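J.: Sharing coords-v4.tsv, TSV, C-alpha atoms:
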chain	number	residue	atom	x	y	z
A	1	MET	CA	60.45	-48.63	-43.43
A	2	SER	CA	62.81	-51.60	-43.32
A	3	ASN	CA	62.15	-54.91	-45.09
A	4	ARG	CA	61.81	-56.61	-41.70
A	5	SER	CA	59.04	-54.24	-40.50
A	6	LYS	CA	57.34	-54.42	-43.92
A	7	ASP	CA	57.37	-58.23	-43.65
A	8	ARG	CA	55.93	-58.07	-40.09
A	9	SER	CA	53.07	-55.83	-41.21
A	10	SER	CA	51.33	-58.74	-42.96
A	11	LEU	CA	51.82	-61.12	-40.03
A	12	CYS	CA	49.78	-61.70	-36.89
A	13	SER	CA	50.63	-59.19	-34.16
A	14	PHE	CA	50.07	-61.62	-31.28
A	15	THR	CA	52.98	-61.59	-28.86
A	16	PHE	CA	53.73	-64.65	-26.75
A	17	VAL	CA	54.66	-64.36	-23.06
A	18	ASP	CA	58.34	-64.79	-23.87
A	19	GLY	CA	58.27	-61.85	-26.32
A	20	ARG	CA	58.17	-63.84	-29.57
A	21	TYR	CA	55.68	-62.85	-32.27
A	22	CYS	CA	53.30	-65.16	-34.05
A	23	ARG	CA	54.60	-65.75	-37.59
A	24	ILE	CA	51.32	-66.71	-39.25
A	25	PRO	CA	49.86	-64.33	-41.87
A	26	ARG	CA	46.94	-62.20	-40.67
A	27	GLN	CA	43.42	-63.44	-41.30
A	28	ALA	CA	41.70	-61.72	-44.22
A	29	GLY	CA	39.50	-59.01	-42.75
A	30	ASN	CA	41.33	-58.88	-39.43
A	31	PRO	CA	43.78	-56.00	-39.19
A	32	TYR	CA	45.99	-57.58	-36.51
A	33	LEU	CA	45.57	-61.33	-35.93
A	34	CYS	CA	45.85	-64.67	-37.72
A	35	ALA	CA	42.77	-66.92	-37.89
A	36	PHE	CA	43.82	-68.90	-34.79
A	37	HIS	CA	44.45	-65.87	-32.57
A	38	ALA	CA	41.38	-64.06	-33.92
A	39	ARG	CA	39.24	-67.08	-32.99
A	40	LYS	CA	40.82	-67.26	-29.51
A	41	GLU	CA	40.19	-63.54	-29.01
A	42	ALA	CA	36.55	-63.91	-30.13
A	43	GLN	CA	36.08	-66.86	-27.73
A	44	SER	CA	37.58	-64.85	-24.89
A	45	LEU	CA	35.32	-61.88	-25.59
A	46	ALA	CA	32.26	-64.15	-25.84
A	47	GLY	CA	33.21	-65.80	-22.53
A	48	ARG	CA	33.54	-62.42	-20.82
A	49	GLU	CA	30.16	-61.31	-22.20
A	50	ALA	CA	28.56	-64.57	-21.00
A	51	GLY	CA	30.13	-63.99	-17.59
A	52	LYS	CA	28.74	-60.46	-17.41
A	53	ASP	CA	25.29	-61.72	-18.42
A	54	ILE	CA	25.35	-64.48	-15.79
A	55	ALA	CA	26.70	-62.14	-13.11
A	56	TYR	CA	23.97	-59.59	-13.81
A	57	HIS	CA	21.36	-61.97	-12.41
A	58	LEU	CA	23.40	-62.70	-9.29
A	59	SER	CA	24.59	-59.19	-8.46
A	60	GLY	CA	21.63	-57.88	-6.51
A	61	SER	CA	21.42	-57.48	-2.78
A	62	PHE	CA	19.07	-60.45	-2.77
A	63	VAL	CA	19.08	-63.43	-5.15
A	64	SER	CA	15.67	-64.93	-5.88
A	65	ALA	CA	14.96	-68.37	-7.31
A	66	CYS	CA	14.13	-66.67	-10.62
A	67	ASP	CA	17.47	-64.82	-10.61
A	68	LEU	CA	19.24	-68.10	-10.02
A	69	THR	CA	17.22	-69.87	-12.71
A	70	SER	CA	18.06	-67.11	-15.17
A	71	ALA	CA	21.77	-67.24	-14.33
A	72	LEU	CA	21.93	-71.04	-14.59
A	73	GLY	CA	20.04	-70.99	-17.90
A	74	ARG	CA	22.59	-68.56	-19.29
A	75	LEU	CA	25.39	-70.68	-17.89
A	76	PHE	CA	24.03	-73.78	-19.67
A	77	SER	CA	23.79	-71.84	-22.92
A	78	ALA	CA	27.31	-70.43	-22.56
A	79	VAL	CA	28.73	-73.93	-21.93
A	80	ALA	CA	26.84	-75.37	-24.90
A	81	GLN	CA	28.20	-72.62	-27.12
A	82	GLY	CA	31.74	-73.15	-25.85
A	83	HIS	CA	32.00	-69.75	-24.16
A	84	VAL	CA	32.48	-71.19	-20.65
A	85	LYS	CA	34.72	-74.15	-19.88
A	86	PRO	CA	32.94	-77.19	-18.39
A	87	LYS	CA	35.18	-77.16	-15.30
A	88	THR	CA	34.24	-73.53	-14.59
A	89	ALA	CA	30.58	-74.36	-15.22
A	90	SER	CA	30.81	-77.26	-12.78
A	91	THR	CA	32.12	-74.95	-10.06
A	92	LEU	CA	29.43	-72.35	-10.78
A	93	ALA	CA	26.71	-75.03	-10.77
A	94	TYR	CA	27.92	-76.24	-7.37
A	95	LEU	CA	27.75	-72.68	-6.04
A	96	GLY	CA	24.28	-72.39	-7.58
A	97	GLN	CA	23.23	-75.54	-5.74
A	98	THR	CA	24.42	-73.96	-2.49
A	99	LEU	CA	22.37	-70.84	-3.23
A	100	VAL	CA	19.28	-72.97	-3.93
A	101	GLN	CA	19.63	-74.62	-0.53
A	102	ILE	CA	19.67	-71.29	1.33
A	103	LEU	CA	16.87	-69.57	-0.63
A	104	PRO	CA	14.10	-70.70	1.79
A	105	LEU	CA	16.11	-69.44	4.77
A	106	ALA	CA	16.79	-66.12	3.04
A	107	GLN	CA	13.11	-65.72	2.15
A	108	HIS	CA	12.05	-66.48	5.72
A	109	GLU	CA	14.59	-64.02	7.12
A	110	TYR	CA	13.58	-61.28	4.66
A	111	ILE	CA	9.86	-61.69	5.35
A	112	ASN	CA	10.43	-61.62	9.11
A	113	ALA	CA	12.50	-58.46	8.81
A	114	TYR	CA	10.46	-56.52	6.24
A	115	GLY	CA	7.12	-58.25	5.80
A	116	THR	CA	5.41	-60.22	3.06
A	117	ASP	CA	4.39	-57.21	0.97
A	118	THR	CA	7.98	-55.91	0.84
A	119	TRP	CA	9.13	-59.42	-0.11
A	120	ARG	CA	6.66	-59.54	-2.98
A	121	GLU	CA	7.66	-56.07	-4.17
A	122	THR	CA	11.35	-57.01	-4.06
A	123	ILE	CA	10.73	-60.13	-6.14
A	124	ARG	CA	8.50	-58.19	-8.56
A	125	THR	CA	11.20	-55.54	-9.02
A	126	SER	CA	13.81	-58.24	-9.57
A	127	HIS	CA	11.66	-59.85	-12.28
A	128	GLU	CA	11.10	-56.51	-14.01
A	129	GLN	CA	14.80	-55.67	-13.98
A	130	SER	CA	15.61	-59.11	-15.33
A	131	ALA	CA	13.05	-58.69	-18.10
A	132	ASP	CA	14.49	-55.25	-18.95
A	133	HIS	CA	17.97	-56.77	-19.14
A	134	THR	CA	17.03	-59.74	-21.33
A	135	SER	CA	14.49	-58.12	-23.65
A	136	PRO	CA	14.17	-54.34	-23.59
A	137	GLU	CA	10.87	-54.44	-25.50
A	138	PRO	CA	7.89	-53.49	-23.33
A	139	SER	CA	5.79	-56.41	-24.65
A	140	SER	CA	4.83	-58.43	-21.58
A	141	ARG	CA	6.48	-56.51	-18.77
A	142	HIS	CA	5.05	-54.32	-16.02
A	143	ARG	CA	1.71	-56.09	-15.85
A	144	GLU	CA	-0.06	-55.84	-12.54
A	145	PRO	CA	0.10	-59.22	-10.82
A	146	GLU	CA	-3.07	-61.15	-10.16
A	147	PRO	CA	-3.95	-61.05	-6.46
A	148	ASP	CA	-3.10	-64.31	-4.73
A	149	PRO	CA	-6.41	-65.85	-3.60
A	150	HIS	CA	-4.58	-67.97	-1.02
A	151	PRO	CA	-1.62	-66.01	0.31
A	152	THR	CA	0.99	-68.14	2.02
A	153	PRO	CA	1.65	-67.01	5.58
A	154	PRO	CA	5.29	-66.60	6.54
A	155	PRO	CA	6.83	-69.53	8.40
A	156	PRO	CA	6.82	-69.26	12.20
A	157	ALA	CA	9.59	-67.13	13.68
A	158	ALA	CA	12.70	-68.89	14.90
A	159	SER	CA	12.94	-69.31	18.69
A	160	ALA	CA	16.35	-67.59	18.93
A	161	ALA	CA	16.42	-63.88	18.25
A	162	SER	CA	18.51	-62.93	15.28
A	163	PRO	CA	21.02	-60.05	15.51
A	164	ALA	CA	18.89	-58.06	13.03
A	165	SER	CA	15.90	-58.06	15.38
A	166	GLU	CA	17.77	-56.69	18.42
What does the file become when written as structure tokens?
T.:
Amino acid sequence: MSNRSKDRSSLCSFTFVDGRYCRIPRQAGNPYLCAFHARKEAQSLAGREAGKDIAYHLSGSFVSACDLTSALGRLFSAVAQGHVKPKTASTLAYLGQTLVQILPLAQHEYINAYGTDTWRETIRTSHEQSADHTSPEPSSRHREPEPDPHPTPPPPAASAASPASE
């Protein structure tokens, strides 16, 4: 082993885009990176995990208000913890606002296509999956819902036929 490679072994192994190596000594306890690059790597990993957690709640075939609330709550937390940049959060919040505006239309369309009971079951399943994802303990999940004493009838059907009903 040459002196040059022996000297490099105690330095950060981060490589810049132009091929240069970081020259700062490795952080104690980190086998490869200096304190700065180790922190950046940890932030990047935390940001990716926050993104996966947020995306989980928005990845279904249907997004309910509870899914959106869960995703936005996680987004707020990730921003507060510095895992998501405010500019990214602003864009995601705007997209969330757009989703909120179309939720009533999506609910109406779903109920007209599949019925109120299927709608309720879809929402119930979504809640259970969300609960399983956030807290795998069986504490308060899978309770039978109380019957609604005053069920809300679906809104009247639109006058124009939708392509799904043809």
J.: Considering only C-alpha atoms, state which residue in the set A:Val100, A:Thr69, A:Ser130, A:His83 is at the smallest distance from A:Arg39.
T.: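 The closest residue to A:Arg39 is A:His83.
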J.: In Å, how far is it from atom CA of A:Ser64 to atom CA of A:Gly82?
T.: 26.9 Å
J.: Could you jot down the atom CA of A:Leu72 to atom CA of A:His108 separation for me, Å, one decimal place?
T.: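 These atoms are spaced 23.0 Å apart.
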J.: Using all atoms listed in the file, determine which residues lie at most 7 Å from A:Ala71, disregarding the query and same-chain residues fewer than 3 positions distant; provide the list as a ChimeraX atom specification.
T.: /A:54,57-58,67-68,74-75
J.: Could the residues in this selection be saved with C-alpha atoms as a PDB file, in the coordinates of the input?
T.:
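Produced file selection36.pdb, reproduced below:
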ATOM      1  CA  ILE A  54      25.350 -64.480 -15.790  1.00  0.00           C
ATOM      2  CA  HIS A  57      21.360 -61.970 -12.410  1.00  0.00           C
ATOM      3  CA  LEU A  58      23.400 -62.700  -9.290  1.00  0.00           C
ATOM      4  CA  ASP A  67      17.470 -64.820 -10.610  1.00  0.00           C
ATOM      5  CA  LEU A  68      19.240 -68.100 -10.020  1.00  0.00           C
ATOM      6  CA  ARG A  74      22.590 -68.560 -19.290  1.00  0.00           C
ATOM      7  CA  LEU A  75      25.390 -70.680 -17.890  1.00  0.00           C
TER       8      LEU A  75
END
J.: How many Å lie between atom CA of A:Gln107 and atom CA of A:Trp119, rounded to one decimal?
T.: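 A separation of 7.8 Å between them.
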J.: Given the point (10.9, -62.5, -0.6) in the file's coordinates, find the residues that have an atom at most 9 Å from it, counting only C-alpha atoms, and give them as an MDAnalysis selection string.
T.: chainID A and resid 62 64 106:111 115:123
J.: Ranking A:Ala50, A:Cys12, A:Arg20, A:Ser70 by minimum distance to A:His37 and counting all atoms listed in the file, which one comes first?
T.: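 Closest to A:His37 of all the choices is A:Cys12.
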J.: Could you complete stretch 61-79 of chain A so that it carries N, CA, C and O atoms, and give it back as a PDB file, in the coordinates of the input?
T.:
ATOM      1  N   SER A  61      21.244 -57.304  -4.218  1.00  0.00           N
ATOM      2  CA  SER A  61      21.420 -57.480  -2.780  1.00  0.00           C
ATOM      3  C   SER A  61      20.709 -58.743  -2.305  1.00  0.00           C
ATOM      4  O   SER A  61      21.017 -59.278  -1.259  1.00  0.00           O
ATOM      5  N   PHE A  62      19.751 -59.209  -3.092  1.00  0.00           N
ATOM      6  CA  PHE A  62      19.070 -60.450  -2.770  1.00  0.00           C
ATOM      7  C   PHE A  62      18.953 -61.261  -4.048  1.00  0.00           C
ATOM      8  O   PHE A  62      18.656 -60.720  -5.101  1.00  0.00           O
ATOM      9  N   VAL A  63      19.187 -62.553  -3.990  1.00  0.00           N
ATOM     10  CA  VAL A  63      19.080 -63.430  -5.150  1.00  0.00           C
ATOM     11  C   VAL A  63      17.824 -64.272  -4.982  1.00  0.00           C
ATOM     12  O   VAL A  63      17.685 -65.004  -4.007  1.00  0.00           O
ATOM     13  N   SER A  64      16.898 -64.133  -5.923  1.00  0.00           N
ATOM     14  CA  SER A  64      15.670 -64.930  -5.880  1.00  0.00           C
ATOM     15  C   SER A  64      15.868 -66.214  -6.676  1.00  0.00           C
ATOM     16  O   SER A  64      16.842 -66.365  -7.421  1.00  0.00           O
ATOM     17  N   ALA A  65      14.913 -67.120  -6.540  1.00  0.00           N
ATOM     18  CA  ALA A  65      14.960 -68.370  -7.310  1.00  0.00           C
ATOM     19  C   ALA A  65      14.920 -68.061  -8.807  1.00  0.00           C
ATOM     20  O   ALA A  65      15.600 -68.724  -9.594  1.00  0.00           O
ATOM     21  N   CYS A  66      14.193 -67.040  -9.200  1.00  0.00           N
ATOM     22  CA  CYS A  66      14.130 -66.670 -10.620  1.00  0.00           C
ATOM     23  C   CYS A  66      15.463 -66.103 -11.102  1.00  0.00           C
ATOM     24  O   CYS A  66      15.873 -66.367 -12.224  1.00  0.00           O
ATOM     25  N   ASP A  67      16.134 -65.320 -10.250  1.00  0.00           N
ATOM     26  CA  ASP A  67      17.470 -64.820 -10.610  1.00  0.00           C
ATOM     27  C   ASP A  67      18.410 -65.996 -10.847  1.00  0.00           C
ATOM     28  O   ASP A  67      19.168 -66.020 -11.819  1.00  0.00           O
ATOM     29  N   LEU A  68      18.364 -66.943  -9.932  1.00  0.00           N
ATOM     30  CA  LEU A  68      19.240 -68.100 -10.020  1.00  0.00           C
ATOM     31  C   LEU A  68      18.916 -68.939 -11.255  1.00  0.00           C
ATOM     32  O   LEU A  68      19.814 -69.382 -11.973  1.00  0.00           O
ATOM     33  N   THR A  69      17.636 -69.124 -11.529  1.00  0.00           N
ATOM     34  CA  THR A  69      17.220 -69.870 -12.710  1.00  0.00           C
ATOM     35  C   THR A  69      17.716 -69.183 -13.980  1.00  0.00           C
ATOM     36  O   THR A  69      18.228 -69.827 -14.897  1.00  0.00           O
ATOM     37  N   SER A  70      17.590 -67.882 -14.021  1.00  0.00           N
ATOM     38  CA  SER A  70      18.060 -67.110 -15.170  1.00  0.00           C
ATOM     39  C   SER A  70      19.569 -67.262 -15.349  1.00  0.00           C
ATOM     40  O   SER A  70      20.061 -67.491 -16.454  1.00  0.00           O
ATOM     41  N   ALA A  71      20.311 -67.133 -14.264  1.00  0.00           N
ATOM     42  CA  ALA A  71      21.770 -67.240 -14.330  1.00  0.00           C
ATOM     43  C   ALA A  71      22.189 -68.642 -14.779  1.00  0.00           C
ATOM     44  O   ALA A  71      23.071 -68.788 -15.637  1.00  0.00           O
ATOM     45  N   LEU A  72      21.567 -69.671 -14.219  1.00  0.00           N
ATOM     46  CA  LEU A  72      21.930 -71.040 -14.590  1.00  0.00           C
ATOM     47  C   LEU A  72      21.553 -71.343 -16.036  1.00  0.00           C
ATOM     48  O   LEU A  72      22.293 -72.031 -16.753  1.00  0.00           O
ATOM     49  N   GLY A  73      20.424 -70.819 -16.498  1.00  0.00           N
ATOM     50  CA  GLY A  73      20.040 -70.990 -17.900  1.00  0.00           C
ATOM     51  C   GLY A  73      21.072 -70.381 -18.835  1.00  0.00           C
ATOM     52  O   GLY A  73      21.453 -70.962 -19.851  1.00  0.00           O
ATOM     53  N   ARG A  74      21.557 -69.214 -18.477  1.00  0.00           N
ATOM     54  CA  ARG A  74      22.590 -68.560 -19.290  1.00  0.00           C
ATOM     55  C   ARG A  74      23.909 -69.316 -19.211  1.00  0.00           C
ATOM     56  O   ARG A  74      24.653 -69.389 -20.181  1.00  0.00           O
ATOM     57  N   LEU A  75      24.184 -69.873 -18.046  1.00  0.00           N
ATOM     58  CA  LEU A  75      25.390 -70.680 -17.890  1.00  0.00           C
ATOM     59  C   LEU A  75      25.319 -71.908 -18.804  1.00  0.00           C
ATOM     60  O   LEU A  75      26.290 -72.225 -19.505  1.00  0.00           O
ATOM     61  N   PHE A  76      24.186 -72.597 -18.815  1.00  0.00           N
ATOM     62  CA  PHE A  76      24.030 -73.780 -19.670  1.00  0.00           C
ATOM     63  C   PHE A  76      24.254 -73.404 -21.132  1.00  0.00           C
ATOM     64  O   PHE A  76      24.956 -74.092 -21.862  1.00  0.00           O
ATOM     65  N   SER A  77      23.651 -72.311 -21.540  1.00  0.00           N
ATOM     66  CA  SER A  77      23.790 -71.840 -22.920  1.00  0.00           C
ATOM     67  C   SER A  77      25.241 -71.512 -23.242  1.00  0.00           C
ATOM     68  O   SER A  77      25.756 -71.880 -24.303  1.00  0.00           O
ATOM     69  N   ALA A  78      25.910 -70.815 -22.336  1.00  0.00           N
ATOM     70  CA  ALA A  78      27.310 -70.430 -22.560  1.00  0.00           C
ATOM     71  C   ALA A  78      28.210 -71.662 -22.654  1.00  0.00           C
ATOM     72  O   ALA A  78      29.140 -71.690 -23.470  1.00  0.00           O
ATOM     73  N   VAL A  79      27.938 -72.689 -21.858  1.00  0.00           N
ATOM     74  CA  VAL A  79      28.730 -73.930 -21.930  1.00  0.00           C
ATOM     75  C   VAL A  79      28.466 -74.620 -23.260  1.00  0.00           C
ATOM     76  O   VAL A  79      29.400 -75.040 -23.952  1.00  0.00           O
TER      77      VAL A  79
END
